[in-house]
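Engineer: For reference, this is model-v6.tsv, and it has TSV, C-alpha atoms.
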```tsv
chain	number	residue	atom	x	y	z
A	1	SER	CA	4.21	-110.94	-59.85
A	2	ALA	CA	6.72	-110.84	-57.01
A	3	ALA	CA	9.40	-109.52	-59.36
A	4	THR	CA	7.16	-106.67	-60.53
A	5	LEU	CA	6.25	-105.76	-56.96
A	6	SER	CA	9.91	-105.84	-55.90
A	7	ALA	CA	10.83	-103.52	-58.75
A	8	ALA	CA	8.06	-101.10	-57.80
A	9	LEU	CA	8.98	-100.89	-54.10
A	10	PRO	CA	11.64	-98.14	-54.43
A	11	SER	CA	9.15	-95.99	-56.32
A	12	LEU	CA	6.44	-96.65	-53.73
A	13	THR	CA	8.82	-95.79	-50.90
A	14	ALA	CA	9.84	-92.55	-52.59
A	15	SER	CA	6.17	-91.65	-53.07
A	16	ALA	CA	5.42	-92.40	-49.42
A	17	CYS	CA	8.32	-90.19	-48.27
A	18	ALA	CA	7.14	-87.39	-50.57
A	19	LEU	CA	3.65	-87.77	-49.09
A	20	MET	CA	5.19	-87.47	-45.61
A	21	ASP	CA	6.71	-84.14	-46.64
A	22	ASP	CA	3.32	-82.96	-47.87
A	23	LEU	CA	1.65	-84.01	-44.61
A	24	LEU	CA	4.29	-82.16	-42.58
A	25	VAL	CA	3.54	-79.04	-44.63
A	26	ALA	CA	-0.19	-79.54	-43.95
A	27	MET	CA	0.60	-79.70	-40.22
A	28	GLU	CA	1.65	-76.05	-40.50
A	29	ASP	CA	-1.66	-74.85	-41.98
A	30	TYR	CA	-3.11	-72.17	-39.69
A	31	SER	CA	-5.46	-70.60	-42.23
A	32	ILE	CA	-8.45	-68.65	-40.95
A	33	ASP	CA	-11.37	-67.40	-43.02
A	34	ASN	CA	-15.03	-66.50	-42.49
A	35	ARG	CA	-15.74	-70.13	-41.57
A	36	GLY	CA	-13.29	-69.97	-38.69
A	37	ASP	CA	-10.04	-71.86	-38.07
A	38	VAL	CA	-10.14	-73.97	-41.22
A	39	GLY	CA	-6.45	-74.76	-40.84
A	40	SER	CA	-7.28	-76.85	-37.77
A	41	TRP	CA	-9.37	-79.17	-39.96
A	42	VAL	CA	-6.37	-79.68	-42.22
A	43	ARG	CA	-4.03	-80.26	-39.28
A	44	GLN	CA	-6.44	-82.77	-37.71
A	45	ALA	CA	-6.59	-84.85	-40.87
A	46	ALA	CA	-2.87	-84.51	-41.51
A	47	LEU	CA	-1.72	-85.66	-38.08
A	48	VAL	CA	-3.81	-88.85	-38.28
A	49	SER	CA	-2.35	-89.72	-41.68
A	50	LEU	CA	1.15	-88.65	-40.65
A	51	GLU	CA	1.35	-91.02	-37.69
A	52	SER	CA	-0.20	-93.89	-39.64
A	53	LEU	CA	2.17	-93.49	-42.59
A	54	ALA	CA	5.19	-93.12	-40.30
A	55	GLN	CA	4.27	-96.39	-38.57
A	56	GLN	CA	3.97	-98.17	-41.92
A	57	LEU	CA	7.34	-96.88	-43.13
A	58	LEU	CA	8.89	-97.86	-39.81
A	59	ARG	CA	7.59	-101.42	-40.11
A	60	ALA	CA	8.94	-101.55	-43.67
A	61	ASN	CA	12.31	-100.25	-42.42
A	62	GLU	CA	12.01	-97.25	-44.75
A	63	LEU	CA	11.60	-94.44	-42.18
A	64	SER	CA	14.68	-92.23	-41.86
A	65	ASP	CA	15.95	-90.52	-38.72
A	66	GLU	CA	15.33	-87.12	-40.28
A	67	LEU	CA	11.71	-87.84	-41.17
A	68	ALA	CA	11.01	-89.52	-37.82
A	69	LEU	CA	12.32	-86.54	-35.86
A	70	ARG	CA	10.32	-84.11	-37.98
A	71	CYS	CA	7.18	-86.16	-37.31
A	72	LEU	CA	7.82	-86.20	-33.56
A	73	GLY	CA	8.46	-82.45	-33.50
A	74	SER	CA	5.39	-81.62	-35.56
A	75	LEU	CA	3.13	-83.79	-33.40
A	76	ALA	CA	4.69	-82.29	-30.24
A	77	ARG	CA	3.86	-78.77	-31.46
A	78	GLN	CA	0.21	-79.74	-31.94
A	79	ALA	CA	0.19	-81.52	-28.56
A	80	ALA	CA	0.79	-78.09	-26.98
A	81	GLY	CA	-1.90	-76.37	-29.03
A	82	ARG	CA	-4.93	-74.33	-27.98
A	83	ILE	CA	-7.72	-76.54	-29.42
A	84	ASP	CA	-8.59	-79.31	-26.96
A	85	ARG	CA	-9.63	-82.02	-29.43
A	86	LEU	CA	-6.66	-81.35	-31.70
A	87	ARG	CA	-4.23	-81.31	-28.78
A	88	ALA	CA	-5.57	-84.62	-27.47
A	89	SER	CA	-5.45	-86.27	-30.89
A	90	ALA	CA	-1.90	-85.08	-31.53
A	91	ALA	CA	-0.66	-86.14	-28.10
A	92	GLU	CA	-2.13	-89.63	-28.43
A	93	ARG	CA	-0.44	-90.09	-31.80
A	94	LEU	CA	2.80	-88.61	-30.51
A	95	VAL	CA	2.87	-91.20	-27.74
A	96	ALA	CA	1.95	-94.03	-30.14
A	97	LEU	CA	4.71	-93.09	-32.58
A	98	ALA	CA	7.22	-92.65	-29.75
A	99	VAL	CA	6.40	-96.12	-28.41
A	100	ALA	CA	6.90	-97.63	-31.87
A	101	LEU	CA	10.20	-95.81	-32.41
A	102	ALA	CA	11.52	-96.69	-28.96
A	103	SER	CA	10.93	-100.38	-29.75
A	104	HIS	CA	13.26	-100.01	-32.76
A	105	ALA	CA	16.26	-98.82	-30.76
A	106	GLY	CA	18.51	-101.30	-32.56
A	107	ASN	CA	17.52	-100.05	-36.01
A	108	GLN	CA	20.37	-97.96	-37.40
A	109	ARG	CA	18.03	-96.05	-39.73
A	110	VAL	CA	16.16	-94.52	-36.77
A	111	CYS	CA	18.66	-94.82	-33.91
A	112	ASP	CA	18.62	-91.07	-33.09
A	113	ALA	CA	14.84	-90.82	-33.32
A	114	ALA	CA	14.47	-93.94	-31.16
A	115	ALA	CA	16.64	-92.37	-28.46
A	116	VAL	CA	14.61	-89.15	-28.60
A	117	ALA	CA	11.36	-91.15	-28.39
A	118	ALA	CA	12.63	-93.09	-25.39
A	119	LYS	CA	13.57	-89.85	-23.62
A	120	LEU	CA	10.16	-88.35	-24.42
A	121	LEU	CA	8.33	-91.34	-22.94
A	122	GLU	CA	10.58	-91.25	-19.88
A	123	LEU	CA	9.68	-87.61	-19.22
A	124	LEU	CA	5.92	-87.97	-19.69
A	125	PRO	CA	3.85	-89.05	-16.67
A	126	GLU	CA	2.95	-92.74	-17.03
A	127	ARG	CA	4.72	-92.67	-20.40
A	128	GLY	CA	1.88	-90.44	-21.64
A	129	GLU	CA	-0.79	-93.11	-21.38
A	130	GLY	CA	-2.73	-91.79	-18.39
A	131	VAL	CA	-2.72	-88.07	-19.23
A	132	GLN	CA	-6.05	-86.37	-19.95
A	133	TRP	CA	-4.69	-84.45	-22.92
A	134	SER	CA	-7.91	-82.58	-23.64
A	135	ALA	CA	-7.71	-80.83	-20.24
A	136	PRO	CA	-5.21	-77.91	-20.22
A	137	ALA	CA	-4.54	-78.36	-16.49
A	138	ALA	CA	-3.30	-81.90	-17.17
A	139	ALA	CA	-1.86	-81.51	-20.67
A	140	PHE	CA	0.54	-78.59	-20.18
A	141	PRO	CA	2.30	-79.86	-17.05
A	142	ALA	CA	2.95	-83.08	-18.98
A	143	ILE	CA	4.03	-81.70	-22.36
A	144	THR	CA	6.26	-78.92	-20.99
A	145	ARG	CA	8.47	-81.58	-19.41
A	146	VAL	CA	9.47	-82.54	-22.95
A	147	LEU	CA	11.21	-79.17	-23.39
A	148	ALA	CA	14.21	-80.96	-21.88
A	149	VAL	CA	14.57	-82.94	-25.14
A	150	ASP	CA	16.87	-80.87	-27.37
A	151	ALA	CA	15.63	-82.29	-30.67
A	152	LEU	CA	11.98	-81.50	-29.93
A	153	ARG	CA	12.39	-78.17	-28.12
A	154	PRO	CA	12.17	-75.74	-31.09
A	155	MET	CA	8.86	-77.02	-32.48
A	156	LEU	CA	7.34	-77.85	-29.10
A	157	LEU	CA	8.15	-74.41	-27.69
A	158	GLU	CA	6.41	-72.77	-30.67
A	159	GLY	CA	3.19	-74.52	-29.63
A	160	VAL	CA	3.66	-73.78	-25.93
A	161	LEU	CA	4.32	-70.05	-26.48
A	162	ALA	CA	1.35	-69.73	-28.84
A	163	SER	CA	-0.88	-71.20	-26.12
A	164	ALA	CA	0.79	-69.40	-23.18
A	165	GLY	CA	0.45	-66.05	-24.94
A	166	GLY	CA	-3.33	-66.26	-25.17
A	167	ALA	CA	-4.89	-63.11	-23.79
A	168	GLY	CA	-7.55	-63.37	-21.10
A	169	ASP	CA	-8.46	-67.07	-21.26
A	170	SER	CA	-8.11	-69.98	-18.87
A	171	LEU	CA	-6.05	-72.06	-21.29
A	172	GLY	CA	-3.49	-69.27	-21.70
A	173	SER	CA	-3.30	-68.80	-17.95
A	174	ALA	CA	-2.76	-72.53	-17.41
A	175	ALA	CA	-0.07	-72.73	-20.07
A	176	ARG	CA	1.72	-69.60	-18.78
A	177	ALA	CA	1.70	-70.75	-15.17
A	178	THR	CA	2.90	-74.24	-16.08
A	179	LEU	CA	5.69	-73.00	-18.33
A	180	ALA	CA	6.93	-70.54	-15.69
A	181	GLU	CA	6.81	-73.24	-13.02
A	182	GLN	CA	8.77	-75.66	-15.20
A	183	MET	CA	11.42	-73.06	-15.96
A	184	LEU	CA	11.78	-71.94	-12.34
A	185	GLY	CA	12.40	-75.54	-11.36
A	186	ALA	CA	14.79	-76.23	-14.25
A	187	GLY	CA	18.55	-76.05	-14.26
A	188	ASP	CA	20.48	-73.11	-15.69
A	189	ASP	CA	21.38	-74.99	-18.88
A	190	LEU	CA	17.76	-75.72	-19.74
A	191	ARG	CA	16.61	-72.20	-18.89
A	192	SER	CA	19.32	-70.72	-21.08
A	193	ALA	CA	18.38	-73.08	-23.91
A	194	VAL	CA	14.69	-72.15	-23.62
A	195	ALA	CA	15.55	-68.43	-23.51
A	196	HIS	CA	17.67	-68.81	-26.64
A	197	GLU	CA	14.85	-70.66	-28.39
A	198	CYS	CA	12.29	-68.00	-27.32
A	199	ALA	CA	14.42	-65.39	-29.08
A	200	ALA	CA	14.71	-67.62	-32.15
A	201	ILE	CA	10.93	-68.08	-32.28
A	202	LEU	CA	10.41	-64.30	-32.11
A	203	GLU	CA	12.94	-63.94	-34.93
A	204	ARG	CA	10.87	-66.25	-37.12
A	205	GLY	CA	7.61	-64.49	-36.37
A	206	GLY	CA	6.20	-66.95	-33.86
A	207	GLY	CA	6.53	-70.01	-36.10
A	208	PRO	CA	4.09	-71.39	-38.70
A	209	ALA	CA	1.09	-70.03	-36.79
A	210	LYS	CA	2.55	-66.52	-37.13
A	211	SER	CA	1.62	-66.03	-33.49
A	212	ALA	CA	4.25	-63.38	-32.81
A	213	ALA	CA	1.96	-61.41	-30.48
A	214	ALA	CA	1.26	-64.50	-28.37
A	215	ALA	CA	4.97	-65.34	-28.24
A	216	MET	CA	5.76	-61.78	-27.07
A	217	ARG	CA	3.16	-61.96	-24.30
A	218	ALA	CA	4.48	-65.35	-23.19
A	219	VAL	CA	8.10	-64.15	-23.09
A	220	GLU	CA	7.09	-61.08	-21.09
A	221	GLY	CA	5.27	-63.34	-18.62
A	222	LEU	CA	8.38	-65.47	-18.18
A	223	LEU	CA	10.54	-62.38	-17.66
A	224	ALA	CA	8.11	-60.98	-15.09
A	225	LYS	CA	8.41	-64.18	-13.05
A	226	GLY	CA	12.19	-64.36	-13.44
A	227	ALA	CA	11.77	-67.71	-15.19
A	228	LEU	CA	14.32	-66.97	-17.92
A	229	HIS	CA	17.06	-65.65	-15.64
A	230	ALA	CA	19.98	-68.00	-15.33
A	231	ALA	CA	23.55	-67.97	-14.10
A	232	SER	CA	24.99	-67.03	-17.48
A	233	PRO	CA	28.35	-65.61	-18.58
A	234	ALA	CA	28.77	-61.85	-18.38
A	235	GLY	CA	26.97	-60.18	-21.27
A	236	ALA	CA	24.81	-63.19	-22.18
A	237	ASP	CA	21.60	-61.65	-20.85
A	238	ALA	CA	22.38	-58.35	-22.55
A	239	ALA	CA	22.99	-60.09	-25.87
A	240	TRP	CA	19.71	-61.98	-25.45
A	241	SER	CA	17.82	-58.75	-24.61
A	242	ALA	CA	19.26	-57.02	-27.67
A	243	ARG	CA	18.31	-60.00	-29.82
A	244	VAL	CA	14.71	-59.99	-28.55
A	245	ALA	CA	14.41	-56.21	-29.02
A	246	ALA	CA	15.69	-56.51	-32.59
A	247	ALA	CA	13.22	-59.33	-33.34
A	248	VAL	CA	10.33	-57.28	-31.95
A	249	LYS	CA	11.36	-54.28	-34.02
A	250	ALA	CA	11.53	-56.36	-37.21
A	251	GLU	CA	8.11	-57.87	-36.50
A	252	CYS	CA	6.42	-54.53	-35.80
A	253	THR	CA	7.99	-52.28	-38.43
A	254	GLY	CA	5.21	-50.93	-40.62
A	255	THR	CA	2.50	-53.08	-39.09
A	256	ARG	CA	-1.07	-51.89	-38.49
A	257	ASP	CA	-1.82	-54.85	-36.21
A	258	VAL	CA	-2.74	-53.08	-32.95
A	259	PRO	CA	-2.78	-56.22	-30.72
A	260	LYS	CA	0.69	-57.11	-31.97
A	261	LEU	CA	1.97	-53.59	-31.25
A	262	MET	CA	0.51	-53.69	-27.76
A	263	ALA	CA	2.12	-57.09	-27.13
A	264	ALA	CA	5.42	-55.64	-28.32
A	265	VAL	CA	5.09	-52.87	-25.74
A	266	THR	CA	4.83	-55.37	-22.88
A	267	VAL	CA	7.96	-57.29	-23.78
A	268	LEU	CA	9.97	-54.13	-24.58
A	269	CYS	CA	9.03	-52.63	-21.20
A	270	ALA	CA	10.26	-55.81	-19.51
A	271	LEU	CA	13.64	-55.28	-21.21
A	272	VAL	CA	14.02	-51.69	-19.95
A	273	GLY	CA	16.37	-51.90	-16.98
A	274	HIS	CA	16.62	-55.71	-17.35
A	275	ARG	CA	19.96	-56.80	-15.90
A	276	ALA	CA	19.65	-60.36	-14.64
A	277	ALA	CA	23.25	-61.23	-15.44
A	278	THR	CA	24.69	-58.72	-12.98
A	279	LYS	CA	21.87	-58.46	-10.49
A	280	GLY	CA	23.13	-56.83	-7.35
A	281	ALA	CA	25.94	-54.95	-9.03
A	282	GLU	CA	26.26	-51.24	-8.35
A	283	ALA	CA	25.83	-50.33	-12.01
A	284	PRO	CA	24.81	-52.22	-15.13
A	285	ALA	CA	27.51	-53.34	-17.53
A	286	PRO	CA	27.82	-51.23	-20.72
A	287	ASP	CA	26.25	-53.93	-22.90
A	288	GLU	CA	23.33	-54.29	-20.50
A	289	LEU	CA	22.76	-50.54	-20.55
A	290	ALA	CA	22.94	-50.54	-24.35
A	291	ALA	CA	20.31	-53.32	-24.56
A	292	SER	CA	18.02	-51.45	-22.17
A	293	ARG	CA	18.34	-48.25	-24.19
A	294	GLN	CA	17.67	-50.16	-27.40
A	295	ALA	CA	14.33	-51.30	-25.95
A	296	PHE	CA	13.57	-47.75	-24.74
A	297	ARG	CA	14.24	-46.29	-28.18
A	298	GLN	CA	11.66	-48.61	-29.67
A	299	LEU	CA	9.17	-47.65	-26.97
A	300	SER	CA	9.81	-43.97	-27.64
A	301	ALA	CA	8.81	-44.55	-31.26
A	302	LEU	CA	5.61	-46.25	-30.12
A	303	LEU	CA	4.79	-43.19	-27.96
A	304	VAL	CA	4.15	-41.33	-31.23
A	305	ASN	CA	2.59	-44.25	-33.11
A	306	ARG	CA	-0.31	-43.47	-35.46
A	307	PHE	CA	-2.77	-45.35	-33.23
A	308	PRO	CA	-3.92	-43.51	-30.06
A	309	ARG	CA	-4.54	-46.83	-28.24
A	310	VAL	CA	-0.96	-47.85	-28.82
A	311	ARG	CA	0.40	-44.50	-27.61
A	312	ARG	CA	-1.69	-44.63	-24.43
A	313	HIS	CA	-0.83	-48.27	-23.75
A	314	THR	CA	2.88	-47.59	-24.27
A	315	ALA	CA	2.83	-44.66	-21.84
A	316	GLU	CA	0.93	-46.65	-19.20
A	317	GLN	CA	3.22	-49.67	-19.42
A	318	LEU	CA	6.40	-47.58	-19.47
A	319	TYR	CA	5.15	-45.52	-16.51
A	320	SER	CA	4.61	-48.72	-14.51
A	321	ARG	CA	8.01	-50.07	-15.53
A	322	LEU	CA	9.90	-46.92	-14.56
A	323	LEU	CA	8.33	-47.02	-11.10
A	324	CYS	CA	9.88	-50.48	-10.63
A	325	VAL	CA	13.48	-49.74	-11.66
A	326	GLU	CA	16.25	-47.78	-9.99
A	327	PRO	CA	18.00	-44.85	-11.68
A	328	VAL	CA	21.23	-46.87	-11.69
A	329	ASP	CA	19.51	-49.57	-13.80
A	330	LEU	CA	18.97	-46.98	-16.54
A	331	GLY	CA	22.20	-45.07	-16.10
A	332	VAL	CA	20.39	-41.81	-15.25
A	333	GLU	CA	20.09	-39.44	-12.32
A	334	GLU	CA	17.22	-39.88	-9.87
A	335	GLY	CA	15.82	-36.43	-10.68
A	336	ASP	CA	15.72	-37.20	-14.41
A	337	LEU	CA	13.90	-40.47	-13.77
A	338	ASP	CA	11.33	-38.71	-11.56
A	339	GLU	CA	10.71	-36.06	-14.23
A	340	ALA	CA	10.31	-38.75	-16.89
A	341	VAL	CA	7.71	-40.55	-14.75
A	342	ASP	CA	5.84	-37.26	-14.27
A	343	MET	CA	5.83	-36.58	-18.01
A	344	LEU	CA	4.39	-40.01	-18.74
A	345	GLY	CA	1.69	-39.61	-16.11
A	346	ASP	CA	0.69	-36.02	-16.85
A	347	THR	CA	0.41	-36.22	-20.64
A	348	ARG	CA	-2.69	-37.24	-22.58
A	349	TRP	CA	-1.00	-39.65	-24.95
A	350	ASP	CA	-4.12	-40.56	-26.91
A	351	GLY	CA	-4.58	-36.97	-28.06
A	352	GLU	CA	-3.23	-35.55	-31.32
A	353	VAL	CA	0.10	-37.13	-32.16
A	354	GLU	CA	1.76	-33.78	-32.92
A	355	ALA	CA	0.76	-32.53	-29.47
A	356	VAL	CA	2.68	-35.32	-27.72
A	357	ARG	CA	5.73	-35.40	-29.95
A	358	SER	CA	7.54	-32.63	-28.05
A	359	THR	CA	6.84	-34.37	-24.74
A	360	ARG	CA	8.25	-37.59	-26.18
A	361	ASP	CA	11.39	-35.72	-27.24
A	362	SER	CA	11.80	-34.25	-23.75
A	363	LEU	CA	11.35	-37.72	-22.27
A	364	CYS	CA	14.09	-39.11	-24.49
A	365	ALA	CA	16.39	-36.31	-23.40
A	366	LYS	CA	15.87	-37.30	-19.75
A	367	LEU	CA	16.45	-41.02	-20.31
```
Re-express the file's structure as structure tokens.
Structural biologist:
Amino acid sequence: SAATLSAALPSLTASACALMDDLLVAMEDYSIDNRGDVGSWVRQAALVSLESLAQQLLRANELSDELALRCLGSLARQAAGRIDRLRASAAERLVALAVALASHAGNQRVCDAAAVAAKLLELLPERGEGVQWSAPAAAFPAITRVLAVDALRPMLLEGVLASAGGAGDSLGSAARATLAEQMLGAGDDLRSAVAHECAAILERGGGPAKSAAAAMRAVEGLLAKGALHAASPAGADAAWSARVAAAVKAECTGTRDVPKLMAAVTVLCALVGHRAATKGAEAPAPDELAASRQAFRQLSALLVNRFPRVRRHTAEQLYSRLLCVEPVDLGVEEGDLDEAVDMLGDTRWDGEVEAVRSTRDSLCAKL
């Protein structure tokens, strides 16, 4: 009867909201086994159900702002993913949900989510309808525009960094180039916000995908292009550098993951001598020098890492970095810097670890 159905509605709504929570958890499944990326199968099924259920709750006026924003963020993360079919499916459902939410701008239950959805559609080319989402060259220029939306930035940037940090593939190259281009054309406020969020993502291990190595490579790429440098208050860049170095150290302590260690080397080398906040000054500020030395200390530990590949890679990357900085950037004399470069170049770092330890100690004494 109608009375029975009316009495059951609160229970049904609560069950639907609980199911939404479960689907959002499923959207963070990045499991891999001998069959391949099985987590992508789970995410594909979850995102279809998530958008459908969100639309039903919205029509029933039972979708909350909090749930709606979580759905948008989760779909946005997948819309910046590496798998073409999954990215296209997520982006299409992101646009569909955003259109539905934007049409409910007068609904007090979803007023914040409706505003976010309207902003998202405004930023996307053709409101997202004409984008070929399965093509990286079209998808990433479109989705990276949405980084300007504060509420979606954390989850979206996780997906973008995971894609941009791909090593040696066309998708990673497209994502990296697009992200750098967007940041170079952005205002200082947005660049600072993205830099802050990059550090936060490194602190949480790259997000649900645990793609810390990819995030490190992406951040190093942005630093190399000057895409994270902004007109910030004195000390802000140094504090950011110290935060990134600390996150990298926490992620790499005790690990046997060689690709992750090698990715850590690239971002730590980029932080040695990094002084964007006071570029052009005669000498780095004390906090900038401290951040640079923090990164160097971590690199010096990697010079005597248990893995010969890591030791050699660290020496090669540090050698290249020291050729690009001035002695004043490191707070050392020119002669000491030259001797340090010679030590790095003349030593066989992939030999026995005990044989290179004394050279590492001499290097630390110079720098």
Engineer: List the spatial neighbours of stretch 282-292 of chain A as a ChimeraX atom specification - criterion: any atom at most 6 Å away, all atoms listed in the file, same-chain residues fewer than 2 positions off excluded.
Structural biologist: /A:238,241-242,271-273,294-295,328
Engineer: What is the atom CA of A:Ala16 to atom CA of A:Ser49 distance in Å?
Structural biologist: 11.3 Å
Engineer: What separation in Å, quoted to one decimal, exists between atom CA of A:Gly159 and atom CA of A:Ala80?
Structural biologist: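 Separation between atom CA of A:Gly159 and atom CA of A:Ala80: 5.1 Å.
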Engineer: What does the distance between atom CA of A:Ala76 and atom CA of A:Leu101 come to in Å, to one decimal place?
Structural biologist: 14.8 Å
Engineer: Got a sec: who's within 7 Å of stretch 195-204 of chain A, counting all atoms listed in the file, leaving out chain neighbours fewer than 3 positions off, as JSON, numbers by chain?
Structural biologist: {"A": [154, 158, 191, 192, 207, 212, 215, 228, 243, 244, 247]}
Engineer: Of the candidates A:Arg109, A:Lys225, A:Arg87, A:Arg153, which shows the shortest atom-to-atom distance to A:Ser64, using all atoms listed in the file?
Structural biologist: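 Smallest separation from A:Ser64 among the options: A:Arg109.
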Engineer: So which residues touch A:Arg77 within 12 Å, counting all atoms listed in the file, skipping near sequence neighbours fewer than 5 positions away, as an NGL selection string?
Structural biologist: :A and (24 or 27-28 or 43 or 47 or 70-72 or 82-83 or 86-91 or 94 or 140 or 143-144 or 146-147 or 152-163 or 207-209)
